[in-house]
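Undergrad: Contents of upload27.txt (compact mmCIF, C-alpha atoms) are below:
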# COMPACT_ATOMS: atom_id res chain seq x y z
CA MET N 1 0.00 0.00 0.00
CA SER N 2 1.46 3.37 -0.93
CA ALA N 3 1.61 6.26 1.51
CA ASN N 4 -1.01 8.14 -0.48
CA GLU N 5 -3.42 5.20 -0.24
CA GLN N 6 -2.81 4.56 3.42
CA THR N 7 -5.21 5.68 6.12
CA PHE N 8 -3.03 6.97 8.90
CA LYS N 9 -4.05 6.49 12.50
CA ALA N 10 -1.01 7.85 14.31
CA VAL N 11 2.10 9.95 13.96
CA ILE N 12 5.21 8.98 15.92
CA PHE N 13 7.64 11.81 16.63
CA ASP N 14 11.27 11.74 17.58
CA PHE N 15 12.04 14.29 20.28
CA GLY N 16 15.42 16.01 19.92
CA GLY N 17 15.71 17.95 16.69
CA VAL N 18 12.03 17.41 15.83
CA LEU N 19 9.96 18.79 18.71
CA THR N 20 12.99 20.87 19.69
CA ASN N 21 15.40 23.25 18.05
CA PRO N 22 18.40 21.46 16.45
CA MET N 23 20.57 19.51 18.87
CA ASP N 24 23.71 20.70 17.07
CA ASP N 25 22.74 24.28 17.92
CA THR N 26 22.54 23.48 21.62
CA ALA N 27 25.89 21.69 21.45
CA VAL N 28 27.58 24.66 19.78
CA ALA N 29 26.03 27.13 22.23
CA PHE N 30 27.26 25.07 25.19
CA ALA N 31 30.80 24.79 23.83
CA GLN N 32 30.97 28.51 23.23
CA GLU N 33 29.61 29.28 26.68
CA ILE N 34 32.29 27.28 28.48
CA GLY N 35 35.15 28.26 26.18
CA LEU N 36 35.61 25.05 24.21
CA PRO N 37 36.24 25.02 20.44
CA THR N 38 32.94 25.44 18.59
CA PHE N 39 32.33 21.78 17.76
CA ALA N 40 34.24 20.13 20.60
CA TYR N 41 31.22 19.00 22.62
CA ARG N 42 29.19 17.98 19.56
CA ASP N 43 32.05 15.96 18.13
CA THR N 44 32.69 14.25 21.46
CA VAL N 45 29.14 12.96 21.86
CA ALA N 46 28.45 12.34 18.16
CA PHE N 47 31.72 11.16 16.62
CA ASP N 48 34.36 10.32 19.23
CA PRO N 49 34.23 6.51 19.77
CA ALA N 50 34.40 6.80 23.56
CA GLY N 51 31.77 9.54 23.62
CA ARG N 52 29.46 7.64 21.27
CA ALA N 53 29.79 4.52 23.41
CA LEU N 54 28.82 6.46 26.52
CA TYR N 55 25.77 7.93 24.77
CA ALA N 56 24.67 4.48 23.59
CA GLN N 57 24.97 3.19 27.15
CA LEU N 58 22.91 6.12 28.43
CA GLU N 59 20.24 5.58 25.77
CA ARG N 60 19.95 1.91 26.71
CA GLY N 61 19.74 2.68 30.41
CA ASP N 62 22.98 0.82 31.04
CA ILE N 63 24.45 3.85 32.82
CA SER N 64 22.88 6.74 34.69
CA GLN N 65 22.94 10.32 33.52
CA THR N 66 25.32 11.07 36.39
CA VAL N 67 27.79 8.46 35.16
CA TRP N 68 27.43 9.84 31.62
CA ASN N 69 28.08 13.36 32.92
CA GLN N 70 31.33 12.24 34.48
CA GLY N 71 32.45 10.22 31.48
CA ILE N 72 31.91 13.03 28.97
CA ALA N 73 33.45 15.56 31.37
CA ASP N 74 36.57 13.41 31.68
CA ILE N 75 36.97 13.28 27.90
CA LEU N 76 36.58 17.04 27.55
CA GLY N 77 38.37 18.04 30.73
CA ILE N 78 35.40 20.03 32.08
CA ASP N 79 33.21 20.09 35.19
CA ALA N 80 30.82 17.13 35.37
CA ASP N 81 28.22 18.77 37.61
CA ASN N 82 24.81 18.68 35.85
CA LEU N 83 26.60 18.40 32.51
CA MET N 84 23.53 17.25 30.59
CA GLY N 85 21.45 20.09 32.01
CA ARG N 86 24.09 22.66 31.16
CA ALA N 87 24.62 21.23 27.68
CA LEU N 88 20.89 21.42 26.96
CA ALA N 89 20.34 24.87 28.48
CA THR N 90 19.30 26.29 25.10
CA LEU N 91 17.04 23.37 24.14
CA ALA N 92 13.60 24.80 23.38
CA PRO N 93 10.29 23.71 21.88
CA GLU N 94 10.05 23.97 18.09
CA LYS N 95 6.69 25.70 18.16
CA LEU N 96 5.62 24.94 14.58
CA VAL N 97 6.11 21.20 15.00
CA VAL N 98 4.70 21.11 18.54
CA ASN N 99 1.60 22.93 17.35
CA ALA N 100 1.31 20.61 14.35
CA ALA N 101 1.38 17.61 16.68
CA GLN N 102 -1.45 19.15 18.68
CA SER N 103 -3.43 19.70 15.49
CA ILE N 104 -2.86 16.11 14.42
CA ARG N 105 -4.21 14.86 17.73
CA ALA N 106 -7.16 17.26 17.56
CA ALA N 107 -7.99 15.82 14.13
CA GLY N 108 -8.50 12.40 15.73
CA LEU N 109 -5.14 10.73 15.16
CA GLU N 110 -2.98 9.48 17.97
CA THR N 111 0.51 10.82 18.54
CA ALA N 112 3.49 9.11 20.14
CA ILE N 113 7.01 10.03 21.16
CA LEU N 114 9.86 7.63 20.41
CA SER N 115 13.07 9.02 21.84
CA ASN N 116 16.52 7.67 22.47
CA SER N 117 16.76 8.80 26.06
CA MET N 118 19.07 11.50 27.33
CA GLY N 119 18.40 10.36 30.87
CA LEU N 120 15.60 11.52 33.14
CA GLU N 121 17.47 12.38 36.33
CA PRO N 122 18.91 14.38 37.89
CA PHE N 123 18.06 16.53 34.84
CA ASN N 124 14.90 15.76 32.88
CA PRO N 125 15.16 17.37 29.43
CA TYR N 126 11.56 16.49 28.58
CA THR N 127 9.81 18.42 31.35
CA PRO N 128 8.92 21.63 29.43
CA TRP N 129 7.08 19.62 26.75
CA ASP N 130 4.64 17.90 29.16
CA LEU N 131 4.76 14.88 26.86
CA GLU N 132 2.46 12.64 28.88
CA ALA N 133 -0.37 15.16 28.70
CA ASN N 134 0.12 15.97 25.02
CA HIS N 135 0.69 12.53 23.47
CA ASP N 136 -0.94 9.13 23.68
CA VAL N 137 2.17 6.98 23.94
CA ILE N 138 5.68 7.79 25.22
CA VAL N 139 8.59 5.43 24.59
CA PHE N 140 11.98 6.28 26.08
CA SER N 141 14.73 3.88 25.09
CA GLU N 142 16.18 3.59 28.60
CA HIS N 143 12.94 2.05 29.91
CA HIS N 144 13.14 -0.83 27.43
CA ARG N 145 16.92 -1.34 27.07
CA ILE N 146 16.70 -0.95 23.29
CA ARG N 147 17.33 2.10 21.15
CA LYS N 148 16.82 3.43 17.65
CA PRO N 149 17.61 2.22 15.06
CA GLU N 150 16.85 -1.25 16.50
CA ALA N 151 13.63 -2.47 14.90
CA ALA N 152 12.24 -3.77 18.20
CA ILE N 153 11.71 -0.30 19.65
CA TYR N 154 9.66 0.78 16.64
CA GLN N 155 7.54 -2.36 16.89
CA LEU N 156 7.10 -1.74 20.61
CA THR N 157 5.78 1.75 19.86
CA LEU N 158 3.32 0.41 17.29
CA ASP N 159 2.19 -2.25 19.77
CA LYS N 160 1.58 0.37 22.44
CA LEU N 161 -0.52 2.31 19.94
CA GLY N 162 -2.36 -0.88 19.04
CA LEU N 163 -1.52 -0.42 15.37
CA PRO N 164 0.15 -2.32 12.57
CA GLY N 165 2.04 -0.08 10.15
CA PHE N 166 -0.68 2.54 9.69
CA ALA N 167 1.48 5.25 11.19
CA CYS N 168 3.91 7.92 10.13
CA PHE N 169 7.31 8.29 11.77
CA VAL N 170 9.16 11.62 11.94
CA ASP N 171 12.89 11.84 12.72
CA ASP N 172 15.74 14.21 11.92
CA ASN N 173 18.23 11.33 11.51
CA PRO N 174 17.74 9.58 8.13
CA SER N 175 19.21 6.31 9.42
CA ASN N 176 16.45 6.14 12.02
CA LEU N 177 13.80 6.18 9.30
CA ILE N 178 14.86 2.90 7.69
CA PRO N 179 13.45 0.51 10.35
CA ALA N 180 10.15 2.41 10.28
CA LEU N 181 9.95 1.98 6.52
CA ASN N 182 10.70 -1.72 6.91
CA LEU N 183 7.74 -2.02 9.29
CA GLY N 184 5.41 -0.46 6.73
CA MET N 185 5.30 3.04 8.15
CA ALA N 186 5.46 6.19 6.09
CA THR N 187 8.34 8.43 7.10
CA VAL N 188 9.12 12.12 7.20
CA HIS N 189 12.69 13.34 7.40
CA ALA N 190 12.54 16.35 9.69
CA THR N 191 14.54 19.23 8.27
CA THR N 192 13.37 22.77 8.86
CA PRO N 193 10.17 23.12 10.92
CA GLU N 194 8.37 24.66 7.93
CA GLU N 195 9.33 21.79 5.62
CA THR N 196 8.53 19.15 8.23
CA VAL N 197 5.05 20.52 8.83
CA ALA N 198 4.42 20.90 5.10
CA LYS N 199 5.41 17.26 4.51
CA LEU N 200 3.12 16.08 7.31
CA GLN N 201 0.25 18.18 6.04
CA GLN N 202 0.59 16.74 2.54
CA LEU N 203 0.95 13.19 3.78
CA LEU N 204 -1.95 13.28 6.23
CA GLY N 205 -4.25 15.45 4.16
CA ILE N 206 -5.20 17.68 7.09
CA SER N 207 -4.54 21.33 7.80
CA LEU N 208 -1.81 21.89 10.37
CA GLY N 209 -1.77 25.68 10.20
How does the structure come out when it is put into structure tokens?

TA:
Amino acid sequence: MSANEQTFKAVIFDFGGVLTNPMDDTAVAFAQEIGLPTFAYRDTVAFDPAGRALYAQLERGDISQTVWNQGIADILGIDADNLMGRALATLAPEKLVVNAAQSIRAAGLETAILSNSMGLEPFNPYTPWDLEANHDVIVFSEHHRIRKPEAAIYQLTLDKLGLPGFACFVDDNPSNLIPALNLGMATVHATTPEETVAKLQQLLGISLG
């Protein structure tokens, strides 16, 4: 069944970089604030093998946010205290996409959040979004010990929604879209908020203005 022929019943949103401003922007702002080279923090968590391994462990719930704070701080030679909270100080809701998600739900579709966790304590990055009140299903990777792009976490989200593949998945990382496609979902690569909302509007056939 093609996306245009499909009757969608839910939209599943990634969190960081979809419902928020770009994660790279927060990483650059943090590095500049503490006097590191512009891309030092971003490159540590995204590209450095040791940093990537720590993030994967955090996402799976194998280590706590506090342990992650210390590990990343040791690599960068910076203070570990509330590192995740400080690094995400400029994280903010992407209003266009947040409002579109509310419009989707108001139109009678369910919405879900599928997020590779950044840890929930001592700093909870999700608090300002009030996700539980604004979405039908919330899946954080650390609660299930699996993470995107493992197919099982996508299937888990569909199961919680009580759906087969009649859903659309939105993520800013193209590699995270592939398992959703393999499960029969339509996908939207989140780029700019305007383009993301326009793609959703066209796909779902409802006004998100």

Undergrad: Do a neighbour search on His135 of chain N at 6 Å with only C-alpha atoms, toss out local chain neighbours closer than 2 positions, and write the hits as a PyMOL selection string.

TA: chain N and resi 111-112+131-133+137

Undergrad: Enclose the full set of atoms of segment 173-190 of chain N listed in the file within a box whose edges lie along x, y and z, apply 8 Å of padding to each of the six sides, and report centre and edge lengths in Å to one decimal as JSON.

TA:
{"center_x": 12.3, "center_y": 7.2, "center_z": 9.1, "size_x": 29.9, "size_y": 34.4, "size_z": 21.9}

Undergrad: With distances taken over only C-alpha atoms, which residue among N:Glu142, N:Asp43, N:Glu94, N:Asp24 lies nearest Thr196 of chain N?

TA: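 Once distances to Thr196 of chain N are computed over only C-alpha atoms, the minimum belongs to N:Glu94.
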
Undergrad: Find the distance between atom CA of Arg42 of chain N and atom CA of Val28 of chain N and write it in Å to one decimal.

TA: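 Interatomic distance, atom CA of Arg42 of chain N to atom CA of Val28 of chain N: 6.9 Å.
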
Undergrad: How many Å lie between atom CA of Leu54 of chain N and atom CA of Asn176 of chain N, rounded to one decimal?

TA: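 Atom-to-atom, atom CA of Leu54 of chain N to atom CA of Asn176 of chain N, that is 19.1 Å.
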
Undergrad: Write out as a list in words each polymer residue whose atoms come within 9 Å of Gly184 of chain N, counting all atoms listed in the file; drop sequence neighbours fewer than 5 positions from it.

TA: Met1, Pro164, Gly165, Phe166, Ala167 and Pro179 of chain N

Undergrad: Of the residues N:Leu200, N:Ala46, N:Leu88, N:Ile78, which is the one nearest to Gly119 of chain N, using all atoms listed in the file?

TA: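 Using all atoms listed in the file, Gly119 of chain N sits closest to N:Leu88.
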
Undergrad: Could you tell me which of N:Ile63, N:Leu58, N:Ala186, N:Ala29 comes closest to Phe140 of chain N if we count all atoms listed in the file?

TA: N:Leu58

Undergrad: Pick the closest to Ala73 of chain N from N:Ala92, N:Ala53, N:Val45, N:Ile178: which is it, counting all atoms listed in the file?

TA: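 Looking at the shortest contact to Ala73 of chain N, the residue is N:Val45.
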